[in-house]
Amino acid sequence: MSQSPACFDEMFDADGAVRPAYAGYREWLHGQDAASLRRKGVEAESFFRRTGITFNVYGEDAGEERLIPFDMIPRIITAREWRKLTKGIEQRVRALNAFLHDIYHRQEIVRAGRVPLRLIAENAAFLPQMVGLVPPGGIYTHIVGIDLVRTGPDEFMVLEDNARTPSGVSYMLENRETMMAMFPELFTKVNVRPVQDYPRRLAQSLAACAPDCAGDRPTVAVLTPGIYNSAYFEHAFLADQMGAELVEGSDLRVVDGRVAMRTTRGYQPVDVIYRRVDDEYLDPLTFNPTSALGVPGIMDIYRAGRITIANAPGTGIADDKAIYSFMPEIVEFYTGERPILQNVPTWRCSEKDSLAYVLDNLAELVVKEVHGSGGYGMLIGPTSSKKEIADFALKLRARPSNYIAQPTLSLSTVPIFAKSGLAPRHVDLRPFVLVSPQGIDITPGGLTRVALKKGSLVVNSSQGGGTKDSWVLED
Amino acid sequence: MLGRTANGTFWMARYLERAENAARLIEAGFRMALTRDATTSQEEWRSVITTVGQARGFEAAYGSDFAGERVWNFLLRDKSNPGSVLAMIEAARSNARSVRTALTREVWEAINESWMVLKDLLARPVREPLLGQVLATIRRQVTLVRGAFDGTMLRNEAYNFARLGTFIERGDSTARILDVKYYVLLPSLAWVGSSLDNVQWESVLRSVSGDRAYRWLNAGGIDPRGIAEFLVLDRRFPRSLHFCIDELRSNLFGLAHEYGHETEAHELMRGLGTRFHEATIQQVFDAGLHEFIQNFIATNQQVARAIERDYRFYA
């Protein structure tokens, strides 16, 4: 196996021996022949195409639907590792919700001098319209995706919090379906914790956040920007699996003080909206007046406590990359505990000393836009040319507060099934978390994204990344 | 159910039906052209294009030379033709995608697969040797969707709206075929009894895939009056106007049952149903076949518009 000794491979140790988590899988794999595995891979791809599990690409080739490559070697997490992760994730998600409540109310954390006011006041993700508003159930971020990276046997770090509208959960579910369809016998050999009831748990969690005016069986709707959105497949998939309506902005309107959907029998009130539309498009009367994706007046109803919007508008203030660097303080401030999961060390370029350091060390660092996502607009120092670095330095100097920098991590690897056989590739992990007044619910597993190019650290699907089925083993 | 979803299932079904009908018409035109001289076959292709309502678009793009290969490529895949079979399949799939939650997985997969297959098949101009195969594939794919639909969909409102779309479209298509060709079925010409007329009659039957059924019912005999009766009034033939009306009524009844009340569409449909129920082919000819067909097309469209309005498709 060709593997740089610096990074941690989750399947094999430095001597090439299989780690305990993968022992059962490895034994099964030995009994398979490469040709039939390859054939299964081709089958899986045609299955994805036929079922329309695709995402749309923006920019070049706009409008084209693409597959996210699926790799059939699972990513395996032991029960012990998972226990520790869930504790850390739960703590973090509690802190995120407490932080959001605080930021839109008394701002104690700012008064205490733990987070600078500037970071809130000057932040486009901060919505003044949310000040003083208590969302139904008191929850701000109902559905959270915490992006984790691993750098060693016991070292998981949080790379990013996704508190707005984390996507990818449909891939978690479909990847498992595909694995079970391709290799049913494998699941009788290795005990993997199931993920398939995620949609049911999502529906329950959303219903538990319904406003007081809802009946016993709250009406839940998924709000999508429509079929041209890059994650439309997921919106439809989740609505379908939950038995919820899939609505677009044009289906909704305010009727008699409620948000209502236009059905074949007339307008009927909706209690909970799981929205996959960004804040600024939610309500043309409050935010972007040109938005055709939202519902005019929905914010008034929200303020009156007669609709639940999940996630709440304005949650972006908590997952912004500049705020991210304060997460250790935030966790401690609201939970009174030391953070269980560590942050990746982060330099805030808005600070003079940090900027100087970052500019001196661009070739070793990863620099990201504070509001960026999807792997767009970032610099990975070690793999960039001198010219790319020089160009980026100009952008950085022009708007330092728009950037943060992190060391280039030696992300762990998991083998993929490449043409030449097993080959290690870098991975991350996005577990999905549901929050309601009834508690915090973390689905065992999540979405493992994998950089398919050898040595690459970019796992984003928009940048050629793939996915793996993620297993959490039973005790 | 959302009004937009009802709209999506209705139009998904209409576009699929329209694509299939176009394929049948092309097949009949092709068959005719193979057996006739150049002038007659051009005339036949022109009537095919007229039947699907695209004569103006075709002439704008290619003038009045109705050469076969040009016509069928225009109808099947021409980018300048928003009503091509490929565009219909894309529209059907796009509608299905937007109402994904109202369809079973099997139906969605069948539509998605049809789109993939046909997009590939129609990526290049269709040459004569391949035309038969292309048309057969279109019919097979649409049949696949219909089978998945029939076998897996709940018999609820989504089903009703899709079926309404199918039969609005089918009735319209059969009526248009009759409308363009009605003159070959008129008694005055039937008396001529030349072999050309025989071919023309066959062609009408072929364009609704009714030639075998008709011959079987009529022991091989063929006459224009019988054909007209078969296509207009025979409730056993699944592409006849009366069959479409029966299906529309039954699905509208399903909606009334589910919703607990009737709408304007029901009222219109009752009128149309009564007219067909009481009609004999003699009366139809006496009153004028052309007028009868025109009247059907107009009422059928009114029903479609009433459904869109009554069930809040758009607003």
# chains A, B, ... in the order shown; residues from 1 in each chain; ligands from 1
>>> residues_around(residues="Leu34 of chain B", least_positions_apart="5", cutoff="12 Å", atoms="only C-alpha atoms", output="PyMOL selection string")
chain B and resi 27-29+39-42+44-45+68+128+199+203
>>> closest_atom_pairs(of="chain A", to="chain B", cutoff="8 Å", atoms="only C-alpha atoms", output="Markdown table")
| residue | atom | partner | partner_atom | distance |
| --- | --- | --- | --- | --- |
| A:Arg50 | CA | B:Glu113 | CA | 5.6 |
| A:Thr51 | CA | B:Glu109 | CA | 5.3 |
| A:Gly52 | CA | B:Asn112 | CA | 7.0 |
| A:Gly226 | CA | B:Ser98 | CA | 7.2 |
| A:Ile227 | CA | B:Ser98 | CA | 6.0 |
| A:Ala236 | CA | B:Thr101 | CA | 6.2 |
| A:Phe237 | CA | B:Thr101 | CA | 7.5 |
| A:Ala239 | CA | B:Thr101 | CA | 6.8 |
| A:Asp240 | CA | B:Thr101 | CA | 4.8 |
| A:Glu245 | CA | B:Thr101 | CA | 7.6 |
| A:Leu246 | CA | B:Thr101 | CA | 7.1 |
| A:Val247 | CA | B:Leu2 | CA | 7.9 |
| A:Asp251 | CA | B:Arg4 | CA | 7.1 |
| A:Met261 | CA | B:Leu2 | CA | 7.1 |
| A:Arg262 | CA | B:Leu2 | CA | 5.7 |
| A:Thr263 | CA | B:Leu2 | CA | 3.9 |
| A:Thr264 | CA | B:Tyr311 | CA | 4.4 |
| A:Arg265 | CA | B:Tyr311 | CA | 6.7 |
| A:Gly266 | CA | B:Arg312 | CA | 7.2 |
>>> residues_around(residues="Gly455 of chain A", least_positions_apart="4", cutoff="9 Å", atoms="only C-alpha atoms", output="ChimeraX atom specification")
/A:4,424-426,451
>>> residues_around(residues="segment 360-363 of chain A", least_positions_apart="3", cutoff="8 Å", atoms="only C-alpha atoms", output="ChimeraX atom specification")
/A:356-357,366-367,380-382,384,389,393
>>> atom_distance(atom1="atom CA of Leu379 of chain A", atom2="atom CA of Cys349 of chain A")
13.8 Å
>>> residues_around(residues="Gly464 of chain A", least_positions_apart="5", cutoff="9 Å", atoms="only C-alpha atoms", output="list in words")
Ile68, Pro69, Ala451, Leu452, Lys453, Val458 and Val459 of chain A
>>> closest_residue(among="B:Val48, B:Phe58, B:Leu268, B:Asp246", to="Ala298 of chain B", atoms="only C-alpha atoms")
B:Leu268
>>> residues_around(residues="Leu130 of chain B", least_positions_apart="4", cutoff="12 Å", atoms="only C-alpha atoms", output="list in words")
Glu69, Trp72, Asn73, Leu121, Leu122, Arg124, Pro125, Val126, Val134, Leu135, Ala136 and Thr137 of chain B
>>> closest_residue(among="B:Ala175, B:Val208, B:Ile281, B:Leu255", to="Asn295 of chain B", atoms="only C-alpha atoms")
B:Ala175
>>> atom_distance(atom1="atom CA of Asn160 of chain B", atom2="atom CA of Gly254 of chain B")
6.8 Å
>>> residues_around(residues="Arg306 of chain A", least_positions_apart="2", cutoff="8 Å", atoms="only C-alpha atoms", output="PDB file with N, CA and C atoms, in the first residue's frame")
ATOM      1  N   PRO A 211     -46.015  24.880  16.662  1.00  0.00           N
ATOM      2  CA  PRO A 211     -46.528  25.961  17.497  1.00  0.00           C
ATOM      3  C   PRO A 211     -47.792  25.524  18.240  1.00  0.00           C
ATOM      4  N   ASP A 212     -48.202  26.325  19.225  1.00  0.00           N
ATOM      5  CA  ASP A 212     -49.360  25.974  20.052  1.00  0.00           C
ATOM      6  C   ASP A 212     -50.649  25.816  19.245  1.00  0.00           C
ATOM      7  N   CYS A 213     -50.747  26.578  18.145  1.00  0.00           N
ATOM      8  CA  CYS A 213     -52.000  26.536  17.385  1.00  0.00           C
ATOM      9  C   CYS A 213     -52.169  25.244  16.583  1.00  0.00           C
ATOM     10  N   GLY A 257     -54.095  34.733   9.219  1.00  0.00           N
ATOM     11  CA  GLY A 257     -53.097  34.692  10.284  1.00  0.00           C
ATOM     12  C   GLY A 257     -52.311  33.403  10.394  1.00  0.00           C
ATOM     13  N   ARG A 258     -52.403  32.553   9.376  1.00  0.00           N
ATOM     14  CA  ARG A 258     -51.603  31.335   9.343  1.00  0.00           C
ATOM     15  C   ARG A 258     -50.899  31.253   7.994  1.00  0.00           C
ATOM     16  N   ASP A 271     -48.172  23.877   9.902  1.00  0.00           N
ATOM     17  CA  ASP A 271     -47.681  24.149  11.247  1.00  0.00           C
ATOM     18  C   ASP A 271     -46.161  24.273  11.301  1.00  0.00           C
ATOM     19  N   ILE A 301     -46.088  36.055  10.692  1.00  0.00           N
ATOM     20  CA  ILE A 301     -46.738  34.904  11.323  1.00  0.00           C
ATOM     21  C   ILE A 301     -45.760  34.231  12.291  1.00  0.00           C
ATOM     22  N   TYR A 302     -44.522  34.209  11.880  1.00  0.00           N
ATOM     23  CA  TYR A 302     -43.480  33.612  12.723  1.00  0.00           C
ATOM     24  C   TYR A 302     -43.348  34.388  14.024  1.00  0.00           C
ATOM     25  N   ARG A 303     -43.343  35.702  13.886  1.00  0.00           N
ATOM     26  CA  ARG A 303     -43.221  36.546  15.078  1.00  0.00           C
ATOM     27  C   ARG A 303     -44.422  36.344  16.001  1.00  0.00           C
ATOM     28  N   ALA A 304     -45.574  36.051  15.403  1.00  0.00           N
ATOM     29  CA  ALA A 304     -46.779  35.839  16.212  1.00  0.00           C
ATOM     30  C   ALA A 304     -46.804  34.427  16.805  1.00  0.00           C
ATOM     31  N   THR A 308     -43.741  27.221  12.772  1.00  0.00           N
ATOM     32  CA  THR A 308     -42.363  26.876  13.118  1.00  0.00           C
ATOM     33  C   THR A 308     -41.550  26.852  11.836  1.00  0.00           C
TER      34      THR A 308
END
>>> atom_distance(atom1="atom CA of Leu148 of chain A", atom2="atom CA of Leu341 of chain A")
9.2 Å
